[in-house]
Structures are given as structure tokens and as C-alpha cells.
Amino acid sequence: ITPVRERWHGLTADALQANGGAPIDIAQHLLAAGRSDEAVPLCLIAAEKAELEYAHADAAALYERILPHLGEEEGQRATVLCRLGAAYWGAAQPSAAYGYLDAGVGLLDRAGDVRGAAHYRLIQGQCAWEIGKSEEAPRHYERARTELEADGPSRDLAYAYVNLARVSLTALDANAVVLQAGKAMTIADSAAAGDIMVRAQTLLGVGQALSGNVDDGLRTLNRGFENAMRLRLHSTALSAATNSTILRCNSYRAAEALDRLELLQQVPESPAKALATSHIEGLASYPLGELPRAALAYEREMSIGRTVGHPRHIIRGRKGLADCLFGMGRDSEASAINPEGQELDGFEDRVWGTMATIRRRLYHYDLAGIDESARLIF
């Protein structure tokens, strides 16, 4: 039966090719017909098209499908592994992405492809940060910056400075954020990299706000959100909305923060959007006294984080839910789910998580503990 099926799949693939069929449909039949040499290039075309349409999960599935059918040539395997990792990262699945990127970047290093390795090293650094390997991420960014600097302005060099600005944001070093984001914008302008310019713009807004210019920072973030949506940079738009929510909540303007949820209706549905909107709703609802709503939002964030393998959002959801339960007088439940020792070090996590700890310690009259926590952010 198998040879007959293979023959029919082969005939179907030939008919589709002759009549201008979609590459993905042709590739599926070619693989079923055992003609993998012909199928692999078509799968690559289909995967690239899926990525351009922000269908990252579909692209990842295609790359994964052809992995067993690649030949011995390491260059192609390295490229497919890196693209697979990048697609999983775009689909908000950094845990799945990290291993493929690690393997692919290693092969590119071995082949001496410095620029290719540097490009994907930047994404690997992002994944490392998102899965809790925060000490590893800056090493990826610095190495990529060093490797790219010698070749002059480029999109990837600008992106390296964007990521270094994020590291400075983690340390709440506002001056460094402004300088590195500004450097990224200058390089992006020289390299005609509009997408990186927008990413840098959103970080500049946060840096301005942390420097004390909150209104200027919020205006910059609003422009960054609008520019990101215009360029269909949905992950950047989500980041801008999240950071503006945090800044508004920290400035006693939480009611304004819920407006971000309305704006995010413009962003196509995806796991990344679901995570961001859940986190924003939790952040903004808590200071407004809407604790049940905030608790549901954090539960949703935690659940989605588990589904897609996003440790940072799992911990954020758990911490947020614990804070809500504590606020509703359910202290024992809060203590049971609060992940002691699982601290996060991003800008929003450092400030928000530490303030939650201070509230709990204040309730228990733990003045020494309050002082210890406050020193982490002030």
C-alpha cells in the first residue's frame, strides 16, 4: 500500500506544481511521496512567508517538519535550526526556542559565519532573559556588539544596543538606558532600520520617565506604540503598552493604564498578546482596588505562561495572584502559591514585585524587611 500512496502523493504534487499550487501544499505531498530533496526548498519558502505574516507558530512547525530531511551540509542545518528557534521565540515560546538557537549558533560559529551567528545570538540573548537565564543574556549581547561593531552601522548592531539598553533598564540605570537607546536610534537611522528605531524609541521613553520626566517618557512611548502598529511590529507595540502601564501605575495613574487594553484591540490575537493583556489588566486593576479582576488576570497569565513555556510570565502570574489573595485577606493561600526565591530582575518585575513584598512586610510590621526590600529599587 505504501508505494501506491507515495505514487499518488507524487502525482498530486506534480499536478499542483503544474497548476501553480501553494508551496506548502506541494511540499506536504512531496514529503509524503518520499521526495524530500524537492520538498525542503518549498517548505523553506512557505515558512518564510508564514514569518512575514506573523504566523510564527506555523513557521516553526514547518521548520521542525523538515529537520529530519536535511542533508549533511552544516550551513543549511545551522540556518534552519536558527530560523526554527527565531520562529518559536516569535510565537512566545522562548523555552522551545533556546535549544534550537544554541545549536544553530554553535554551528554558525564553527563555520566562521560571524555576522550570521551575531544576528541569532541577539535572539538567543532575548530567550535567555525570558526563561530566567538573566546573567547569560548580557554576554550574548556584548559578544554580538563586539563582532558587529567593526563592520559599521547595521540593523543588527542597532539591535545589539537596544538589548544592552534593556540590560541597563534591568539595573534601573536611567542614564545608561537613554544613552544606549539614543545610540541605537542613531545607528538604526544610518542603517535605514525603521523597525529597530521604533524598538529603541520605546526604551528611550522608559529611560526618560525613570529620569524623572514621566510625561515626556509617556509621550515617547505613545509615539513608539503608534509607530510600532504602523510597521506591524506587534511585539514592540505590546512592550510599549506594558511599560506605559507600569509607569502610569507607579505614578498613581492606574485608571489611565486600563486604556492600554483598548489600544491593544488593534493587535492581532497571539499568545504574546494574551500574556501582555493579562499582565496589564492585573497591574492596572490592583491599585484601583479591583482585586478579584486582577486575580483572574494573573491566573490567566500564569496559565498561558505554562501552556507556551514562558517561565517569566508563570512567575509574574504567581506573584501577582499571591499579592491579590493577600489583599483579599486570604493570607494562607497567598503564602502557599508565592514562589519565594524565584525573583525576576526586569524593570517591571523589580519595581512591581518589590513593592508587593513591601506591602506584605508592612502588614506584618517587619520594618527591617521593608528597609531591605526598599533598597532594591531606591
# chains A, B, ... in the order shown; residues from 1 in each chain; ligands from 1
call {"tool": "residues_around", "arguments": {"residues": "Gly305 (chain A)", "least_positions_apart": "6", "cutoff": "10 Å", "atoms": "only C-alpha atoms", "output": "number ranges by chain"}}
result
A: 92-93, 271-272, 274-275, 299, 311-317
call {"tool": "closest_atom_pairs", "arguments": {"of": "region 241-307 of chain A", "to": "region 210-219 of chain A", "cutoff": "9 Å", "atoms": "only C-alpha atoms", "output": "CSV"}}
result
residue,atom,partner,partner_atom,distance
A:Ser244,CA,A:Leu218,CA,6.2
A:Leu247,CA,A:Val214,CA,7.6
A:Arg248,CA,A:Leu218,CA,8.4
A:Ser251,CA,A:Val214,CA,8.2
call {"tool": "write_last_selection", "arguments": {"atoms": "N, CA, C and O atoms", "output": "PDB file, in the first residue's frame"}}
result
ATOM      1  N   SER A 244       4.230  51.452  29.457  1.00  0.00           N
ATOM      2  CA  SER A 244       3.465  52.664  29.789  1.00  0.00           C
ATOM      3  C   SER A 244       2.470  52.381  30.915  1.00  0.00           C
ATOM      4  O   SER A 244       2.178  53.258  31.736  1.00  0.00           O
ATOM      5  N   LEU A 247       4.513  52.487  34.178  1.00  0.00           N
ATOM      6  CA  LEU A 247       4.846  53.866  34.546  1.00  0.00           C
ATOM      7  C   LEU A 247       3.627  54.609  35.074  1.00  0.00           C
ATOM      8  O   LEU A 247       3.723  55.376  36.031  1.00  0.00           O
ATOM      9  N   ARG A 248       2.461  54.382  34.466  1.00  0.00           N
ATOM     10  CA  ARG A 248       1.246  55.046  34.941  1.00  0.00           C
ATOM     11  C   ARG A 248       0.860  54.541  36.330  1.00  0.00           C
ATOM     12  O   ARG A 248       0.457  55.317  37.189  1.00  0.00           O
ATOM     13  N   SER A 251       2.898  56.028  38.914  1.00  0.00           N
ATOM     14  CA  SER A 251       2.664  57.474  39.050  1.00  0.00           C
ATOM     15  C   SER A 251       1.237  57.755  39.525  1.00  0.00           C
ATOM     16  O   SER A 251       0.733  58.866  39.336  1.00  0.00           O
TER      17      SER A 251
END
call {"tool": "residues_around", "arguments": {"residues": "Glu48 (chain A)", "least_positions_apart": "2", "cutoff": "12 Å", "atoms": "only C-alpha atoms", "output": "list of chain:residue names"}}
result
A:Pro23, A:Ile24, A:Pro41, A:Leu42, A:Cys43, A:Leu44, A:Ile45, A:Ala46, A:Ala50, A:Glu51, A:Leu52, A:Glu53, A:Tyr54, A:Ala55, A:His56, A:Ala57, A:Asp58, A:Ala59, A:Ala60, A:Ala61, A:Leu62, A:Tyr63, A:Val80, A:Arg83, A:Leu84, A:Ala86, A:Ala87
call {"tool": "residues_around", "arguments": {"residues": "Gly282 (chain A)", "least_positions_apart": "6", "cutoff": "8 Å", "atoms": "only C-alpha atoms", "output": "PyMOL selection string"}}
result
chain A and resi 293-298+320
call {"tool": "atom_distance", "arguments": {"atom1": "CA of Val198 (chain A)", "atom2": "CA of Val162 (chain A)"}}
result
10.1 Å
call {"tool": "closest_residue", "arguments": {"among": "A:Ala97, A:Ala200, A:Ala336, A:Cys127", "to": "Ala160 (chain A)", "atoms": "only C-alpha atoms"}}
result
A:Ala200
call {"tool": "closest_residue", "arguments": {"among": "A:Val167, A:Leu172, A:Val178, A:Ala228", "to": "Arg199 (chain A)", "atoms": "only C-alpha atoms"}}
result
A:Ala228
call {"tool": "select_by_dssp", "arguments": {"residues": "region 132-200 of chain A", "states": "helix (DSSP H, G or I)", "output": "JSON, numbers by chain"}}
result
{"A": [137, 138, 139, 140, 141, 142, 143, 144, 145, 146, 147, 148, 149, 155, 156, 157, 158, 159, 160, 161, 162, 163, 164, 165, 166, 167, 168, 169, 170, 174, 175, 176, 177, 178, 179, 180, 181, 182, 183, 184, 185, 186, 187, 188, 189, 190, 194, 195, 196, 197, 198, 199, 200]}
call {"tool": "residues_around", "arguments": {"residues": "Arg360 (chain A)", "least_positions_apart": "3", "cutoff": "12 Å", "atoms": "only C-alpha atoms", "output": "PyMOL selection string"}}
result
chain A and resi 319+322-327+329+331+334-335+338+353-357+363-367+369-370+373
call {"tool": "write_last_selection", "arguments": {"atoms": "N, CA, C and O atoms", "output": "CSV table (one decimal), in the first residue's frame"}}
result
chain,number,residue,atom,x,y,z
A,319,LYS,N,3.2,35.6,41.4
A,319,LYS,CA,3.4,36.7,42.3
A,319,LYS,C,2.2,37.6,42.4
A,319,LYS,O,1.8,38.1,43.4
A,322,ALA,N,-0.7,35.9,44.2
A,322,ALA,CA,-0.4,35.9,45.6
A,322,ALA,C,-0.7,37.3,46.2
A,322,ALA,O,-1.3,37.4,47.3
A,323,ASP,N,-0.3,38.3,45.6
A,323,ASP,CA,-0.5,39.7,46.1
A,323,ASP,C,-2.0,40.0,46.2
A,323,ASP,O,-2.4,40.6,47.2
A,324,CYS,N,-2.7,39.6,45.2
A,324,CYS,CA,-4.2,39.8,45.2
A,324,CYS,C,-4.9,39.0,46.3
A,324,CYS,O,-5.7,39.6,47.1
A,325,LEU,N,-4.5,37.8,46.5
A,325,LEU,CA,-5.1,36.9,47.6
A,325,LEU,C,-4.8,37.5,48.9
A,325,LEU,O,-5.6,37.6,49.8
A,326,PHE,N,-3.5,38.0,49.1
A,326,PHE,CA,-3.2,38.6,50.3
A,326,PHE,C,-4.0,39.9,50.6
A,326,PHE,O,-4.5,40.1,51.7
A,327,GLY,N,-4.2,40.7,49.5
A,327,GLY,CA,-5.1,41.9,49.7
A,327,GLY,C,-6.5,41.6,50.0
A,327,GLY,O,-7.2,42.4,50.5
A,329,GLY,N,-7.4,39.2,52.0
A,329,GLY,CA,-7.4,38.6,53.3
A,329,GLY,C,-7.2,37.1,53.3
A,329,GLY,O,-7.5,36.4,54.3
A,331,ASP,N,-4.5,35.2,53.3
A,331,ASP,CA,-3.1,35.2,53.6
A,331,ASP,C,-2.5,33.8,53.4
A,331,ASP,O,-1.4,33.6,52.8
A,334,ALA,N,-2.2,32.9,49.8
A,334,ALA,CA,-1.1,33.7,49.2
A,334,ALA,C,0.2,33.1,49.5
A,334,ALA,O,1.1,33.0,48.6
A,335,SER,N,0.4,32.7,50.7
A,335,SER,CA,1.7,32.2,51.1
A,335,SER,C,2.0,30.9,50.5
A,335,SER,O,3.2,30.5,50.1
A,338,ASN,N,3.0,31.7,46.6
A,338,ASN,CA,4.0,32.7,46.4
A,338,ASN,C,5.4,32.0,46.2
A,338,ASN,O,5.9,31.4,47.2
A,353,GLY,N,7.3,43.8,41.8
A,353,GLY,CA,7.5,42.6,42.7
A,353,GLY,C,8.0,43.1,44.1
A,353,GLY,O,7.5,42.6,45.1
A,354,THR,N,8.9,44.1,44.1
A,354,THR,CA,9.4,44.5,45.4
A,354,THR,C,8.4,45.3,46.1
A,354,THR,O,8.3,45.2,47.4
A,355,MET,N,7.6,46.1,45.4
A,355,MET,CA,6.5,46.9,46.1
A,355,MET,C,5.5,45.9,46.7
A,355,MET,O,4.9,46.2,47.8
A,356,ALA,N,5.2,44.8,46.1
A,356,ALA,CA,4.3,43.8,46.6
A,356,ALA,C,4.9,43.2,47.9
A,356,ALA,O,4.1,43.0,48.9
A,357,THR,N,6.2,43.0,47.9
A,357,THR,CA,6.8,42.4,49.1
A,357,THR,C,6.8,43.4,50.3
A,357,THR,O,6.5,43.1,51.4
A,363,TYR,N,2.3,44.9,56.5
A,363,TYR,CA,1.2,44.3,57.2
A,363,TYR,C,1.7,43.5,58.4
A,363,TYR,O,1.0,43.5,59.5
A,364,HIS,N,2.8,42.9,58.3
A,364,HIS,CA,3.4,42.1,59.5
A,364,HIS,C,4.3,42.9,60.3
A,364,HIS,O,5.0,42.4,61.2
A,365,TYR,N,4.4,44.3,60.1
A,365,TYR,CA,5.2,45.2,60.9
A,365,TYR,C,6.7,44.8,60.8
A,365,TYR,O,7.5,44.9,61.8
A,366,ASP,N,7.1,44.3,59.7
A,366,ASP,CA,8.5,43.8,59.5
A,366,ASP,C,9.3,45.0,59.0
A,366,ASP,O,9.6,45.1,57.8
A,367,LEU,N,9.7,46.0,59.9
A,367,LEU,CA,10.3,47.2,59.4
A,367,LEU,C,11.7,47.0,58.8
A,367,LEU,O,12.1,47.6,57.8
A,369,GLY,N,12.6,44.3,57.3
A,369,GLY,CA,12.4,43.7,56.0
A,369,GLY,C,12.0,44.7,54.9
A,369,GLY,O,12.4,44.7,53.8
A,370,ILE,N,11.2,45.7,55.4
A,370,ILE,CA,10.8,46.8,54.5
A,370,ILE,C,12.0,47.6,54.0
A,370,ILE,O,12.1,47.9,52.8
A,373,SER,N,14.0,45.6,51.5
A,373,SER,CA,13.3,45.5,50.1
A,373,SER,C,13.4,46.8,49.4
A,373,SER,O,13.7,46.9,48.2
call {"tool": "residues_around", "arguments": {"residues": "Ser239 (chain A)", "least_positions_apart": "5", "cutoff": "12 Å", "atoms": "only C-alpha atoms", "output": "ChimeraX atom specification"}}
result
/A:166,198-203,205-206,221-222,224-225,228-229,233-234,244-246,260,264,267,272-273,275-277,279-280,347-348
call {"tool": "atom_distance", "arguments": {"atom1": "CA of Leu70 (chain A)", "atom2": "CA of Leu122 (chain A)"}}
result
25.1 Å
call {"tool": "closest_residue", "arguments": {"among": "A:Ser154, A:Thr220, A:Ser168, A:Asn250", "to": "Asp189 (chain A)", "atoms": "only C-alpha atoms"}}
result
A:Ser154
call {"tool": "closest_residue", "arguments": {"among": "A:Trp129, A:Ile123, A:Glu74, A:Gly152", "to": "Ala111 (chain A)", "atoms": "only C-alpha atoms"}}
result
A:Glu74
call {"tool": "closest_residue", "arguments": {"among": "A:Lys133, A:Arg330, A:Arg155, A:Lys49", "to": "Ala184 (chain A)", "atoms": "only C-alpha atoms"}}
result
A:Arg155
call {"tool": "residues_around", "arguments": {"residues": "Pro94 (chain A)", "least_positions_apart": "6", "cutoff": "8 Å", "atoms": "only C-alpha atoms", "output": "list of chain:residue names"}}
result
A:Tyr88, A:Cys127, A:Ala128, A:Glu130, A:Ile131, A:Gly309, A:His310
